[in-house]
Protein chains: 2
Amino acid sequence: MGLTRKGEYAIRGMVYLARQEPGKLILVNEIAETVDVPQSFLAKIFQGLTRLGLVRSSRGAGGGFALARPAAEISLREVIEAVEGPICANRCVIDASFCDRSGNCTVHPVWHRVQNQVRGILDGVSLAELCD
Amino acid sequence: MGLTRKGEYAIRGMVYLARQEPGKLILVNEIAETVDVPQSFLAKIFQGLTRLGLVRSSRGAGGGFALARPAAEISLREVIEAVEGPICANRCVIDASFCDRSGNCTVHPVWHRVQNQVRGILDGVSLAELCD
DNA sequence: GTACAAGAGACAAAAACGATCTTTTGGGTT
DNA sequence: AACCCAAAAGATCGTTTTTGTCTCTTGTAC
């Protein structure tokens with residue numbers, strides 16, 4: 001019932017990128033150092049973000065990472081779900097096999113409401129807004 | 001970012017109790033069997049619920065568990081927080097030491113909004129409503 | 001005082017979390 | 001072409017949390 005460090009770190013890193021001159025490539029070491037997260041771990045996290053198309057990367061000298069889209073067009077939800085998986089109040093909402101005892105679950109609709117609210121809030125916040 | 005089995009089991013058990021004649025003591029074995037959760041585990045969970053005053057218990061022959069208050073006066077949030085701890089979007093909202101890098105965190109207010117929304121929804125649902 | 005059922009606490013396997021390290025791949029430079 | 005540089009990929013690894021189980025104790029009713 002809460003963000004893991006992976007999520008927290010991803011947000012820190014992405015907000016840092018969002019504060020840079022758009023398109024400018026930044027080394028993962030620099031990001032890691034200034035937002036205070038372990039470099040190797042952040043590297044892994046950014047690998048995933050790259051694969052999912054949230055950031056673009058370039059290898060070799062002069063390489064690094066940059067946001068794949070303008071900061072105003074990347075939502076907090078995208079970042080979180082990229083590293084943590086889909087926001088889900090209870091397994092039963094995603095995984096039907098977990099819940100269908102006796103056919104009907106009265107709590108089910110509550111989980112849906114929770115998810116939708118959370119997603120809505122997180123959708124409404126962009127990286128640009130988090131730059132202050 | 002989701003309920004654990006403990007939370008899920010606690011809800012199942014409490015809803016089952018809420019469906020019984022008020023005040024009637026039910027054996028944990030019966031509860032466990034009909035809501036389909038491991039008995040020993042549910043026993044542990046209910047131990048905690050008793051300690052926190054959500055259910056009352058009686059030992060010995062004819063003992064068992066019953067809701068400590070009317071089902072309409074026990075919220076889903078109470079049950080969840082009793083077993084999972086306080087609902088918290090990010091450690092940084094509860095544990096200041098986790099977040100105060102450079103003093104100000106722009107994401108902080110978002111976590112608060114998320115928490116309040118979730119808590120609000122869960123506060124608004126009582127066990128009675130979950131009985132259908 | 002005996003049977004019964006919850007309370008308490010120790011223990012343990014399995015999964016998730018939080019990294020770290022090494023090797024590979026690809027891009028620039030000389 | 002040879003060589004650095006930095007990300008990509010994958011293996012590994014210690015710690016914590018989850019998900020239980022088991023045993024023993026305590027309290028209650030008959």
# chains A, B, ... in the order shown; residues from 1 in each chain; ligands from 1
>>> calpha_fit_and_write(fixed="chain B", moving="chain A", output="compact mmCIF listing (two decimals) with N, CA and C atoms, in the first residue's frame")
# COMPACT_ATOMS: atom_id res chain seq x y z
N MET A 1 1.70 -1.48 -3.90
CA MET A 1 0.56 -0.73 -4.46
C MET A 1 -0.67 -1.63 -4.57
N GLY A 2 -1.05 -2.18 -3.46
CA GLY A 2 -2.22 -3.05 -3.48
C GLY A 2 -2.38 -3.78 -2.16
N LEU A 3 -3.59 -4.22 -1.90
CA LEU A 3 -3.90 -4.97 -0.69
C LEU A 3 -3.08 -6.26 -0.65
N THR A 4 -2.63 -6.66 0.53
CA THR A 4 -2.01 -7.96 0.67
C THR A 4 -3.10 -8.98 1.02
N ARG A 5 -2.70 -10.22 1.07
CA ARG A 5 -3.68 -11.26 1.41
C ARG A 5 -4.26 -11.03 2.80
N LYS A 6 -3.43 -10.55 3.69
CA LYS A 6 -3.89 -10.29 5.04
C LYS A 6 -5.11 -9.36 5.02
N GLY A 7 -5.00 -8.31 4.25
CA GLY A 7 -6.11 -7.37 4.13
C GLY A 7 -7.33 -8.02 3.50
N GLU A 8 -7.08 -8.71 2.43
CA GLU A 8 -8.17 -9.40 1.73
C GLU A 8 -8.88 -10.37 2.67
N TYR A 9 -8.11 -11.17 3.42
CA TYR A 9 -8.67 -12.16 4.32
C TYR A 9 -9.45 -11.50 5.45
N ALA A 10 -8.88 -10.43 5.98
CA ALA A 10 -9.55 -9.73 7.07
C ALA A 10 -10.93 -9.24 6.62
N ILE A 11 -10.98 -8.69 5.43
CA ILE A 11 -12.25 -8.20 4.91
C ILE A 11 -13.24 -9.34 4.76
N ARG A 12 -12.79 -10.43 4.15
CA ARG A 12 -13.68 -11.59 3.98
C ARG A 12 -14.24 -12.03 5.32
N GLY A 13 -13.35 -12.16 6.29
CA GLY A 13 -13.78 -12.63 7.61
C GLY A 13 -14.75 -11.67 8.27
N MET A 14 -14.45 -10.39 8.18
CA MET A 14 -15.30 -9.39 8.83
C MET A 14 -16.67 -9.32 8.16
N VAL A 15 -16.68 -9.41 6.85
CA VAL A 15 -17.96 -9.39 6.14
C VAL A 15 -18.78 -10.62 6.54
N TYR A 16 -18.10 -11.73 6.70
CA TYR A 16 -18.81 -12.94 7.13
C TYR A 16 -19.45 -12.73 8.50
N LEU A 17 -18.67 -12.16 9.41
CA LEU A 17 -19.20 -11.87 10.75
C LEU A 17 -20.37 -10.90 10.67
N ALA A 18 -20.24 -9.94 9.77
CA ALA A 18 -21.28 -8.93 9.63
C ALA A 18 -22.59 -9.55 9.16
N ARG A 19 -22.49 -10.68 8.51
CA ARG A 19 -23.70 -11.34 7.99
C ARG A 19 -24.39 -12.19 9.05
N GLN A 20 -23.71 -12.41 10.17
CA GLN A 20 -24.28 -13.25 11.22
C GLN A 20 -25.21 -12.42 12.11
N GLU A 21 -26.00 -13.14 12.84
CA GLU A 21 -26.83 -12.54 13.88
C GLU A 21 -25.92 -11.75 14.82
N PRO A 22 -26.23 -10.47 15.03
CA PRO A 22 -25.31 -9.62 15.82
C PRO A 22 -25.05 -10.19 17.21
N GLY A 23 -23.81 -10.23 17.60
CA GLY A 23 -23.43 -10.71 18.93
C GLY A 23 -23.18 -12.19 19.01
N LYS A 24 -23.62 -12.91 18.03
CA LYS A 24 -23.42 -14.36 18.05
C LYS A 24 -21.95 -14.69 17.84
N LEU A 25 -21.42 -15.55 18.70
CA LEU A 25 -20.00 -15.91 18.60
C LEU A 25 -19.80 -17.00 17.55
N ILE A 26 -18.84 -16.76 16.70
CA ILE A 26 -18.54 -17.71 15.62
C ILE A 26 -17.10 -18.20 15.76
N LEU A 27 -16.92 -19.49 15.56
CA LEU A 27 -15.57 -20.04 15.64
C LEU A 27 -14.73 -19.61 14.45
N VAL A 28 -13.46 -19.36 14.71
CA VAL A 28 -12.56 -18.94 13.64
C VAL A 28 -12.46 -20.03 12.57
N ASN A 29 -12.60 -21.29 13.00
CA ASN A 29 -12.54 -22.38 12.03
C ASN A 29 -13.69 -22.29 11.02
N GLU A 30 -14.85 -21.97 11.56
CA GLU A 30 -16.01 -21.86 10.67
C GLU A 30 -15.80 -20.72 9.68
N ILE A 31 -15.36 -19.58 10.20
CA ILE A 31 -15.12 -18.43 9.32
C ILE A 31 -14.13 -18.79 8.24
N ALA A 32 -13.00 -19.34 8.69
CA ALA A 32 -11.92 -19.65 7.77
C ALA A 32 -12.39 -20.59 6.67
N GLU A 33 -13.17 -21.59 7.09
CA GLU A 33 -13.59 -22.57 6.11
C GLU A 33 -14.55 -21.96 5.08
N THR A 34 -15.49 -21.20 5.56
CA THR A 34 -16.49 -20.72 4.61
C THR A 34 -15.98 -19.57 3.74
N VAL A 35 -15.05 -18.75 4.25
CA VAL A 35 -14.53 -17.69 3.37
C VAL A 35 -13.25 -18.13 2.67
N ASP A 36 -12.86 -19.38 2.94
CA ASP A 36 -11.76 -19.99 2.19
C ASP A 36 -10.42 -19.31 2.41
N VAL A 37 -10.02 -19.25 3.68
CA VAL A 37 -8.66 -18.80 3.98
C VAL A 37 -8.08 -19.75 5.02
N PRO A 38 -6.75 -19.91 5.05
CA PRO A 38 -6.10 -20.82 6.01
C PRO A 38 -6.48 -20.46 7.44
N GLN A 39 -6.90 -21.47 8.22
CA GLN A 39 -7.40 -21.20 9.57
C GLN A 39 -6.38 -20.51 10.46
N SER A 40 -5.17 -21.07 10.49
CA SER A 40 -4.15 -20.52 11.40
C SER A 40 -3.89 -19.06 11.09
N PHE A 41 -3.87 -18.78 9.80
CA PHE A 41 -3.58 -17.41 9.37
C PHE A 41 -4.71 -16.48 9.77
N LEU A 42 -5.92 -16.93 9.56
CA LEU A 42 -7.07 -16.09 9.93
C LEU A 42 -7.10 -15.88 11.44
N ALA A 43 -6.74 -16.93 12.18
CA ALA A 43 -6.71 -16.81 13.63
C ALA A 43 -5.78 -15.67 14.04
N LYS A 44 -4.59 -15.66 13.44
CA LYS A 44 -3.62 -14.59 13.72
C LYS A 44 -4.21 -13.22 13.37
N ILE A 45 -4.85 -13.15 12.25
CA ILE A 45 -5.41 -11.88 11.79
C ILE A 45 -6.48 -11.40 12.77
N PHE A 46 -7.32 -12.32 13.19
CA PHE A 46 -8.40 -11.94 14.11
C PHE A 46 -7.86 -11.58 15.49
N GLN A 47 -6.75 -12.20 15.86
CA GLN A 47 -6.09 -11.79 17.10
C GLN A 47 -5.82 -10.30 17.08
N GLY A 48 -5.29 -9.85 15.97
CA GLY A 48 -5.00 -8.43 15.84
C GLY A 48 -6.25 -7.57 15.84
N LEU A 49 -7.26 -8.04 15.15
CA LEU A 49 -8.51 -7.28 15.09
C LEU A 49 -9.14 -7.17 16.48
N THR A 50 -8.96 -8.22 17.27
CA THR A 50 -9.47 -8.20 18.64
C THR A 50 -8.71 -7.17 19.47
N ARG A 51 -7.39 -7.22 19.36
CA ARG A 51 -6.56 -6.30 20.13
C ARG A 51 -6.93 -4.86 19.82
N LEU A 52 -7.27 -4.61 18.58
CA LEU A 52 -7.60 -3.26 18.17
C LEU A 52 -9.07 -2.91 18.40
N GLY A 53 -9.81 -3.87 18.94
CA GLY A 53 -11.18 -3.56 19.32
C GLY A 53 -12.19 -3.59 18.19
N LEU A 54 -11.86 -4.19 17.07
CA LEU A 54 -12.84 -4.27 15.99
C LEU A 54 -13.77 -5.46 16.17
N VAL A 55 -13.24 -6.51 16.76
CA VAL A 55 -14.09 -7.65 17.12
C VAL A 55 -13.90 -7.95 18.60
N ARG A 56 -14.88 -8.64 19.17
CA ARG A 56 -14.69 -9.10 20.53
C ARG A 56 -14.60 -10.62 20.47
N SER A 57 -13.91 -11.21 21.44
CA SER A 57 -13.70 -12.65 21.39
C SER A 57 -14.00 -13.25 22.75
N SER A 58 -14.25 -14.54 22.72
CA SER A 58 -14.41 -15.27 23.97
C SER A 58 -13.75 -16.62 23.82
N ARG A 59 -13.05 -17.03 24.87
CA ARG A 59 -12.34 -18.31 24.80
C ARG A 59 -13.20 -19.44 25.34
N GLY A 60 -12.64 -20.63 25.20
CA GLY A 60 -13.27 -21.81 25.77
C GLY A 60 -14.48 -22.27 24.98
N ALA A 61 -15.09 -23.34 25.50
CA ALA A 61 -16.25 -23.91 24.82
C ALA A 61 -17.32 -22.85 24.63
N GLY A 62 -17.89 -22.83 23.45
CA GLY A 62 -18.90 -21.83 23.16
C GLY A 62 -18.33 -20.46 22.84
N GLY A 63 -17.01 -20.42 22.77
CA GLY A 63 -16.37 -19.15 22.46
C GLY A 63 -16.40 -18.84 20.98
N GLY A 64 -15.62 -17.83 20.59
CA GLY A 64 -15.56 -17.45 19.19
C GLY A 64 -15.40 -15.94 19.03
N PHE A 65 -15.76 -15.47 17.85
CA PHE A 65 -15.62 -14.04 17.55
C PHE A 65 -16.95 -13.43 17.11
N ALA A 66 -17.10 -12.14 17.44
CA ALA A 66 -18.23 -11.38 16.92
C ALA A 66 -17.78 -9.95 16.71
N LEU A 67 -18.46 -9.22 15.86
CA LEU A 67 -18.14 -7.81 15.67
C LEU A 67 -18.29 -7.08 17.00
N ALA A 68 -17.39 -6.14 17.25
CA ALA A 68 -17.45 -5.39 18.50
C ALA A 68 -18.50 -4.28 18.43
N ARG A 69 -18.83 -3.87 17.21
CA ARG A 69 -19.82 -2.82 16.99
C ARG A 69 -20.75 -3.25 15.86
N PRO A 70 -21.89 -2.57 15.73
CA PRO A 70 -22.77 -2.89 14.60
C PRO A 70 -22.04 -2.76 13.27
N ALA A 71 -22.37 -3.61 12.34
CA ALA A 71 -21.70 -3.64 11.04
C ALA A 71 -21.77 -2.31 10.33
N ALA A 72 -22.82 -1.57 10.57
CA ALA A 72 -22.99 -0.29 9.89
C ALA A 72 -22.01 0.76 10.43
N GLU A 73 -21.43 0.45 11.58
CA GLU A 73 -20.52 1.43 12.20
C GLU A 73 -19.05 1.05 12.08
N ILE A 74 -18.78 0.04 11.27
CA ILE A 74 -17.38 -0.33 11.02
C ILE A 74 -17.09 -0.09 9.55
N SER A 75 -16.11 0.76 9.30
CA SER A 75 -15.81 1.10 7.91
C SER A 75 -14.76 0.16 7.33
N LEU A 76 -14.78 0.06 6.03
CA LEU A 76 -13.79 -0.74 5.32
C LEU A 76 -12.39 -0.23 5.64
N ARG A 77 -12.27 1.07 5.76
CA ARG A 77 -10.96 1.63 6.06
C ARG A 77 -10.43 1.13 7.40
N GLU A 78 -11.30 1.09 8.40
CA GLU A 78 -10.86 0.61 9.71
C GLU A 78 -10.29 -0.79 9.62
N VAL A 79 -10.99 -1.64 8.91
CA VAL A 79 -10.55 -3.03 8.79
C VAL A 79 -9.20 -3.10 8.09
N ILE A 80 -9.09 -2.40 6.98
CA ILE A 80 -7.86 -2.44 6.21
C ILE A 80 -6.68 -1.88 7.01
N GLU A 81 -6.89 -0.72 7.60
CA GLU A 81 -5.78 -0.11 8.33
C GLU A 81 -5.40 -0.93 9.57
N ALA A 82 -6.36 -1.64 10.12
CA ALA A 82 -6.07 -2.48 11.29
C ALA A 82 -5.03 -3.53 10.94
N VAL A 83 -5.13 -4.10 9.77
CA VAL A 83 -4.21 -5.18 9.44
C VAL A 83 -3.04 -4.74 8.56
N GLU A 84 -3.23 -3.70 7.79
CA GLU A 84 -2.18 -3.30 6.85
C GLU A 84 -1.40 -2.07 7.34
N GLY A 85 -1.86 -1.47 8.37
CA GLY A 85 -1.26 -0.21 8.78
C GLY A 85 -1.90 0.93 8.02
N PRO A 86 -1.56 2.16 8.40
CA PRO A 86 -2.17 3.33 7.79
C PRO A 86 -1.99 3.37 6.27
N ILE A 87 -3.01 3.77 5.59
CA ILE A 87 -2.93 3.93 4.14
C ILE A 87 -2.00 5.08 3.81
N CYS A 88 -1.02 4.77 3.00
CA CYS A 88 0.08 5.71 2.78
C CYS A 88 0.60 5.56 1.36
N ALA A 89 0.49 6.64 0.58
CA ALA A 89 0.88 6.56 -0.81
C ALA A 89 2.40 6.44 -0.96
N ASN A 90 3.12 7.12 -0.08
CA ASN A 90 4.57 7.10 -0.14
C ASN A 90 5.13 7.30 1.25
N ARG A 91 6.20 6.57 1.54
CA ARG A 91 6.83 6.68 2.84
C ARG A 91 7.06 8.14 3.22
N CYS A 92 7.37 8.95 2.23
CA CYS A 92 7.80 10.31 2.52
C CYS A 92 6.71 11.11 3.21
N VAL A 93 5.46 10.67 3.07
CA VAL A 93 4.37 11.42 3.68
C VAL A 93 4.31 11.15 5.18
N ILE A 94 4.71 9.93 5.55
CA ILE A 94 4.67 9.55 6.96
C ILE A 94 6.02 9.76 7.63
N ASP A 95 7.05 9.31 6.91
CA ASP A 95 8.39 9.33 7.49
C ASP A 95 9.20 10.49 6.89
N ALA A 96 9.29 11.57 7.63
CA ALA A 96 9.93 12.79 7.13
C ALA A 96 11.36 12.54 6.69
N SER A 97 12.06 11.65 7.39
CA SER A 97 13.47 11.42 7.10
C SER A 97 13.67 10.86 5.70
N PHE A 98 12.60 10.36 5.11
CA PHE A 98 12.74 9.72 3.81
C PHE A 98 12.79 10.74 2.68
N CYS A 99 12.31 11.94 2.93
CA CYS A 99 11.99 12.83 1.82
C CYS A 99 12.71 14.17 1.81
N ASP A 100 13.18 14.64 2.96
CA ASP A 100 13.61 16.02 2.98
C ASP A 100 14.96 16.28 2.35
N ARG A 101 15.13 15.83 1.12
CA ARG A 101 16.30 16.24 0.37
C ARG A 101 16.04 17.67 -0.09
N SER A 102 16.95 18.50 0.10
CA SER A 102 16.89 19.90 -0.35
C SER A 102 15.64 20.62 0.15
N GLY A 103 15.05 20.08 1.19
CA GLY A 103 13.99 20.84 1.87
C GLY A 103 12.58 20.71 1.34
N ASN A 104 12.42 20.88 0.02
CA ASN A 104 11.04 20.89 -0.48
C ASN A 104 10.79 19.85 -1.55
N CYS A 105 9.70 19.13 -1.39
CA CYS A 105 9.37 18.07 -2.32
C CYS A 105 8.05 18.42 -3.01
N THR A 106 8.13 18.57 -4.32
CA THR A 106 6.94 19.02 -5.06
C THR A 106 5.89 17.92 -5.20
N VAL A 107 6.28 16.68 -5.00
CA VAL A 107 5.34 15.57 -5.18
C VAL A 107 4.50 15.36 -3.92
N HIS A 108 5.06 15.80 -2.83
CA HIS A 108 4.41 15.64 -1.54
C HIS A 108 2.89 15.92 -1.55
N PRO A 109 2.47 17.08 -2.02
CA PRO A 109 1.04 17.39 -1.99
C PRO A 109 0.20 16.39 -2.79
N VAL A 110 0.81 15.83 -3.82
CA VAL A 110 0.08 14.83 -4.61
C VAL A 110 -0.22 13.61 -3.77
N TRP A 111 0.78 13.16 -3.03
CA TRP A 111 0.57 11.99 -2.17
C TRP A 111 -0.53 12.27 -1.17
N HIS A 112 -0.56 13.46 -0.65
CA HIS A 112 -1.61 13.78 0.31
C HIS A 112 -3.00 13.72 -0.34
N ARG A 113 -3.08 14.23 -1.55
CA ARG A 113 -4.38 14.18 -2.22
C ARG A 113 -4.80 12.74 -2.45
N VAL A 114 -3.86 11.91 -2.90
CA VAL A 114 -4.16 10.50 -3.14
C VAL A 114 -4.67 9.83 -1.87
N GLN A 115 -3.89 10.00 -0.80
CA GLN A 115 -4.28 9.39 0.47
C GLN A 115 -5.67 9.81 0.91
N ASN A 116 -5.91 11.10 0.83
CA ASN A 116 -7.20 11.60 1.30
C ASN A 116 -8.36 11.04 0.48
N GLN A 117 -8.15 10.95 -0.81
CA GLN A 117 -9.20 10.39 -1.66
C GLN A 117 -9.47 8.94 -1.30
N VAL A 118 -8.41 8.16 -1.20
CA VAL A 118 -8.57 6.74 -0.90
C VAL A 118 -9.23 6.56 0.46
N ARG A 119 -8.72 7.28 1.43
CA ARG A 119 -9.30 7.18 2.77
C ARG A 119 -10.77 7.56 2.75
N GLY A 120 -11.08 8.59 2.01
CA GLY A 120 -12.47 9.04 1.92
C GLY A 120 -13.38 7.95 1.38
N ILE A 121 -12.94 7.33 0.30
CA ILE A 121 -13.75 6.27 -0.29
C ILE A 121 -13.94 5.13 0.70
N LEU A 122 -12.83 4.70 1.31
CA LEU A 122 -12.88 3.56 2.22
C LEU A 122 -13.65 3.88 3.51
N ASP A 123 -13.59 5.13 3.92
CA ASP A 123 -14.38 5.56 5.08
C ASP A 123 -15.87 5.47 4.79
N GLY A 124 -16.21 5.69 3.54
CA GLY A 124 -17.62 5.76 3.18
C GLY A 124 -18.29 4.42 2.97
N VAL A 125 -17.53 3.36 3.13
CA VAL A 125 -18.11 2.03 2.94
C VAL A 125 -18.11 1.27 4.26
N SER A 126 -19.27 0.85 4.71
CA SER A 126 -19.34 0.09 5.96
C SER A 126 -19.49 -1.40 5.67
N LEU A 127 -19.19 -2.19 6.68
CA LEU A 127 -19.36 -3.64 6.54
C LEU A 127 -20.80 -3.99 6.19
N ALA A 128 -21.72 -3.24 6.74
CA ALA A 128 -23.14 -3.52 6.47
C ALA A 128 -23.42 -3.42 4.98
N GLU A 129 -22.85 -2.41 4.36
CA GLU A 129 -23.06 -2.23 2.92
C GLU A 129 -22.46 -3.37 2.11
N LEU A 130 -21.45 -3.99 2.64
CA LEU A 130 -20.77 -5.06 1.90
C LEU A 130 -21.48 -6.40 2.02
N CYS A 131 -22.55 -6.41 2.83
CA CYS A 131 -23.29 -7.66 2.99
C CYS A 131 -24.30 -7.90 1.87
N ASP A 132 -24.55 -6.85 1.10
CA ASP A 132 -25.51 -6.94 0.00
C ASP A 132 -26.94 -7.01 0.47
>>> closest_atom_pairs(of="chain D", to="chain A", cutoff="7 Å", atoms="only C-alpha atoms (C1' of nucleotides)", output="tab-separated table")
residue	atom	partner	partner_atom	distance
D:DC5	C1'	A:Ala61	CA	4.4
D:DA6	C1'	A:Gly60	CA	4.5
D:DA7	C1'	A:Arg59	CA	4.9
>>> write_last_selection(atoms="C-alpha atoms (C1' of nucleotides)", output="mmCIF file, in the first residue's frame")
data_model
loop_
_atom_site.group_PDB
_atom_site.id
_atom_site.type_symbol
_atom_site.label_atom_id
_atom_site.label_comp_id
_atom_site.auth_asym_id
_atom_site.auth_seq_id
_atom_site.Cartn_x
_atom_site.Cartn_y
_atom_site.Cartn_z
ATOM 1 C "C1'" DC D 5 32.716 5.832 -23.540
ATOM 2 C "C1'" DA D 6 28.111 4.990 -21.805
ATOM 3 C "C1'" DA D 7 23.871 2.532 -21.993
#
>>> interface_residues(of="chain C", to="chain B", cutoff="8 Å", atoms="only C-alpha atoms (C1' of nucleotides)", output="PyMOL selection string")
chain C and resi 3-7
>>> select_by_dssp(residues="chain A", states="strand (DSSP E)", output="list of chain:residue names")
A:Val55, A:Arg56, A:Ser57, A:Ser58, A:Gly64, A:Phe65, A:Ala66, A:Leu67
>>> select_by_dssp(residues="chain B", states="helix (DSSP H, G or I)", output="MDAnalysis selection string")
chainID B and resid 5:19 28:35 39:51 71:73 76:84 91:94 96:98 108:123 129:131
>>> atom_distance(atom1="C1' of DG14 in chain D", atom2="C1' of DA14 in chain C")
15.3 Å
